Amino acid sequence: MNAFRETRVLTEAALAIALAFVLGLLPAFKMPFGGSISLEMIPLILLALRQGPVVGTVAGVAYGFLDLVIDPFIVHPVQVLLDYPLAFGALGLAGFFPPSVRGAILGSTVAVFGRFVCHFLSGVVFFSSYAWKGWSPAAYSAVYNAGYLVPSLLIALVVVVALLKALEGAQPSPRQLRYRHSTTS
Amino acid sequence: MTSRSLGQFYPVASVVHELDPRAKIAATAMLVAGLFLVDSTRGLLFVAAALVALVAASHIPARTFLRLLRPVLFLVVLTVLFQVLFSREGGMLFEWSIFEIHSGGLRLGFFLALRILLLVSVAGLLTATTAPVALADGIEDLLSPLKWVRFPAHEVAMMMTIALRFIPTLGEEAEKITRAQAARGADFSEGGPLRRARALVPVLVPLTVGAFRRADELAEAMESRGYRGGEGRTRYRELRFRTRDAIALGITVLVLLVGVLL
């Protein structure tokens, strides 16, 4: 894969995954069926903004597998795919936006929405297979997943912008440098 | 927090621990998918009996294993409750004002609860008997056919392995920085979530910048030791697929087959 020809990109992605996991260990609020208001998405969104959509997506998939390996929550085969590799892979969508303040805000929103879609579908699959009568699976899944993803997104918006700036100063990625040149020249 | 206490891995010597991680992952995947083909309670009970035997063979204390099931307890209770209270199938067993309990609901509730418990047990047994690094190696091998569609299997596994190595390090660092900021008067427990998020920025900035700098140094160290990507790379511990792994897979298929037919 061309995106990983540089070892630097690989290690940055790996450390972002480790950081995401560490931040995920301090959740503010855990939901009964998995999912919590937490900071875990922030390093993965940052990585996507710094290294582009391919690296962001692959790292998200790897984070999903890591999460699955360490702390599995399996109730349905399709649910496993949607809730782990695909949901976190969706965070790579942030990489389609430029590493600017506007791009960070739009990118985070789109990325978290992508993750929401995965968890939403997984919820519908799960509910339709366990068939609780009198509940609309779609409405329930939407409310349940938005319940922790919307607050997580709001927190991410505050933090991602600050961190992107800090990293641009301390250790700009090639993508950030390219963006800076294209706006100053 | 050490890498040993991370996750659910329970390091003891047993037949199950020594199986090839690829065989265990494949067996787990087969069981998770296969449990949805088992459509009778008798079939599920048979698979459950086989699983109990497997847990016994894994030398994991029953109490430790049961702790793995705690996260889904709420889900199980709720599933049973909904089936029992709202199902109107089968003969009525009990009636009290608006509540009716039917035999069909009881049966379905038990069936669904058992299936959830089995799914979680199967996944739990895999992670309890296999070290995370071995699982990452297994995932790399099992995903490598996807290299044909340019899926970076090696990179995904490498990231998982490096991440596992650095989770304890970064965890320690996070704790150190949090204490340092608290000593300077930072308050992380006051106000709403947004205010708390803003209070976290002074912790997250040094933590993130430090992590990304560490990544840079690690890349340098890896390249100076000759790392050039996954092509042609050998492993310190080679995975070996032995006869007993094939036997384990065969037994898994057999158990599922009997479960489906029962």
# chains A, B, ... in the order shown; residues from 1 in each chain; ligands from 1
$ interface_residues --of "chain B" --to "chain A" --cutoff "6 Å" --atoms "only C-alpha atoms" --output "ChimeraX atom specification"
/B:7,33,116,120,156,159,162-163,167,171,197,205,212,215-216,219
$ residues_around --residues "stretch 73-90 of chain B" --least-positions-apart "5" --cutoff "6 Å" --atoms "only C-alpha atoms" --output "NGL selection string"
:B and (101-106 or 109 or 113)
$ write_last_selection --atoms "all heavy atoms" --output "CSV table (one decimal), in the first residue's frame"
chain,number,residue,atom,x,y,z
B,101,ILE,N,-48.4,-14.0,31.0
B,101,ILE,CA,-47.2,-14.8,30.6
B,101,ILE,C,-47.6,-16.0,29.9
B,101,ILE,O,-48.4,-16.8,30.3
B,101,ILE,CB,-46.4,-15.1,31.9
B,101,ILE,CG1,-45.8,-13.8,32.5
B,101,ILE,CG2,-45.2,-16.1,31.5
B,101,ILE,CD1,-45.0,-14.0,33.8
B,102,HIS,N,-47.0,-16.1,28.7
B,102,HIS,CA,-47.3,-17.3,27.8
B,102,HIS,C,-46.1,-18.2,27.7
B,102,HIS,O,-45.0,-17.8,27.8
B,102,HIS,CB,-47.7,-16.8,26.4
B,102,HIS,CG,-49.0,-16.0,26.4
B,102,HIS,ND1,-50.2,-16.6,25.8
B,102,HIS,CD2,-49.4,-14.8,26.9
B,102,HIS,CE1,-51.1,-15.7,26.0
B,102,HIS,NE2,-50.7,-14.6,26.6
B,103,SER,N,-46.4,-19.5,27.4
B,103,SER,CA,-45.3,-20.4,27.4
B,103,SER,C,-44.4,-20.2,26.2
B,103,SER,O,-43.2,-20.3,26.3
B,103,SER,CB,-45.9,-21.9,27.3
B,103,SER,OG,-46.6,-22.0,26.1
B,104,GLY,N,-45.0,-19.7,25.1
B,104,GLY,CA,-44.1,-19.4,23.9
B,104,GLY,C,-43.1,-18.3,24.3
B,104,GLY,O,-41.9,-18.3,23.8
B,105,GLY,N,-43.5,-17.3,25.0
B,105,GLY,CA,-42.7,-16.2,25.4
B,105,GLY,C,-41.5,-16.7,26.3
B,105,GLY,O,-40.4,-16.3,26.1
B,106,LEU,N,-41.9,-17.5,27.2
B,106,LEU,CA,-40.8,-18.1,28.1
B,106,LEU,C,-39.8,-18.8,27.3
B,106,LEU,O,-38.6,-18.7,27.5
B,106,LEU,CB,-41.5,-19.0,29.1
B,106,LEU,CG,-41.9,-18.4,30.4
B,106,LEU,CD1,-42.5,-19.5,31.3
B,106,LEU,CD2,-40.8,-17.7,31.1
B,109,GLY,N,-37.7,-16.5,25.1
B,109,GLY,CA,-36.9,-15.7,26.0
B,109,GLY,C,-35.7,-16.5,26.4
B,109,GLY,O,-34.5,-16.0,26.3
B,113,ALA,N,-31.8,-15.7,25.2
B,113,ALA,CA,-30.8,-15.4,26.3
B,113,ALA,C,-29.7,-16.3,26.2
B,113,ALA,O,-28.5,-15.9,26.3
B,113,ALA,CB,-31.5,-15.5,27.7
$ residues_around --residues "B:Pro61" --least-positions-apart "3" --cutoff "12 Å" --atoms "only C-alpha atoms" --output "PyMOL selection string"
chain B and resi 10-12+52+55-58+64-68+125+128-129
$ write_last_selection --atoms "N, CA and C atoms" --output "mmCIF file, in the first residue's frame"
data_model
loop_
_atom_site.group_PDB
_atom_site.id
_atom_site.type_symbol
_atom_site.label_atom_id
_atom_site.label_comp_id
_atom_site.auth_asym_id
_atom_site.auth_seq_id
_atom_site.Cartn_x
_atom_site.Cartn_y
_atom_site.Cartn_z
ATOM 1 N N TYR B 10 -5.950 -14.576 30.059
ATOM 2 C CA TYR B 10 -5.676 -15.257 31.313
ATOM 3 C C TYR B 10 -4.558 -16.263 31.064
ATOM 4 N N PRO B 11 -3.295 -15.881 31.376
ATOM 5 C CA PRO B 11 -2.172 -16.714 30.967
ATOM 6 C C PRO B 11 -1.945 -17.927 31.875
ATOM 7 N N VAL B 12 -2.457 -19.079 31.475
ATOM 8 C CA VAL B 12 -2.109 -20.346 32.119
ATOM 9 C C VAL B 12 -1.798 -21.332 31.000
ATOM 10 N N VAL B 52 -18.838 -25.717 27.795
ATOM 11 C CA VAL B 52 -18.462 -25.904 29.204
ATOM 12 C C VAL B 52 -17.253 -26.831 29.291
ATOM 13 N N VAL B 55 -14.212 -24.836 28.264
ATOM 14 C CA VAL B 55 -13.761 -23.916 29.322
ATOM 15 C C VAL B 55 -13.001 -24.704 30.382
ATOM 16 N N ALA B 56 -13.514 -25.884 30.716
ATOM 17 C CA ALA B 56 -12.827 -26.720 31.704
ATOM 18 C C ALA B 56 -11.435 -27.087 31.188
ATOM 19 N N ALA B 57 -11.343 -27.403 29.881
ATOM 20 C CA ALA B 57 -10.051 -27.774 29.302
ATOM 21 C C ALA B 57 -9.093 -26.588 29.259
ATOM 22 N N SER B 58 -9.630 -25.378 29.287
ATOM 23 C CA SER B 58 -8.772 -24.188 29.165
ATOM 24 C C SER B 58 -8.149 -23.793 30.491
ATOM 25 N N THR B 64 -13.656 -16.609 37.061
ATOM 26 C CA THR B 64 -13.034 -15.666 36.132
ATOM 27 C C THR B 64 -13.794 -15.650 34.813
ATOM 28 N N PHE B 65 -14.175 -16.844 34.359
ATOM 29 C CA PHE B 65 -14.871 -16.912 33.087
ATOM 30 C C PHE B 65 -16.236 -16.248 33.175
ATOM 31 N N LEU B 66 -16.947 -16.492 34.269
ATOM 32 C CA LEU B 66 -18.288 -15.911 34.405
ATOM 33 C C LEU B 66 -18.226 -14.383 34.430
ATOM 34 N N ARG B 67 -17.095 -13.848 34.930
ATOM 35 C CA ARG B 67 -16.965 -12.389 34.963
ATOM 36 C C ARG B 67 -17.002 -11.803 33.554
ATOM 37 N N LEU B 68 -16.558 -12.606 32.541
ATOM 38 C CA LEU B 68 -16.592 -12.132 31.159
ATOM 39 C C LEU B 68 -18.025 -11.879 30.693
ATOM 40 N N LEU B 125 -13.882 -16.744 25.402
ATOM 41 C CA LEU B 125 -12.924 -17.842 25.498
ATOM 42 C C LEU B 125 -11.722 -17.591 24.594
ATOM 43 N N ALA B 128 -9.628 -14.853 26.211
ATOM 44 C CA ALA B 128 -9.055 -15.251 27.500
ATOM 45 C C ALA B 128 -7.909 -16.233 27.315
ATOM 46 N N THR B 129 -7.918 -16.994 26.185
ATOM 47 C CA THR B 129 -6.892 -18.027 26.020
ATOM 48 C C THR B 129 -5.814 -17.630 25.017
#
$ atom_distance --atom1 "atom CA of B:Ile251" --atom2 "atom CA of B:Leu114"
21.0 Å
$ atom_distance --atom1 "atom CA of A:Leu149" --atom2 "atom CA of B:Pro152"
28.4 Å
$ residues_around --residues "A:Pro53" --least-positions-apart "5" --cutoff "6 Å" --atoms "only C-alpha atoms" --output "MDAnalysis selection string"
chainID A and resid 48 92:93 95:96
$ write_last_selection --atoms "C-alpha atoms" --output "PDB file, in the first residue's frame"
ATOM      1  CA  ALA A  48      -7.038  11.193   9.220  1.00  0.00           C
ATOM      2  CA  GLY A  92     -11.112   8.004   8.158  1.00  0.00           C
ATOM      3  CA  LEU A  93     -13.708  10.080   6.295  1.00  0.00           C
ATOM      4  CA  GLY A  95      -9.223  12.720   5.847  1.00  0.00           C
ATOM      5  CA  PHE A  96     -11.213  14.003   2.874  1.00  0.00           C
TER       6      PHE A  96
END
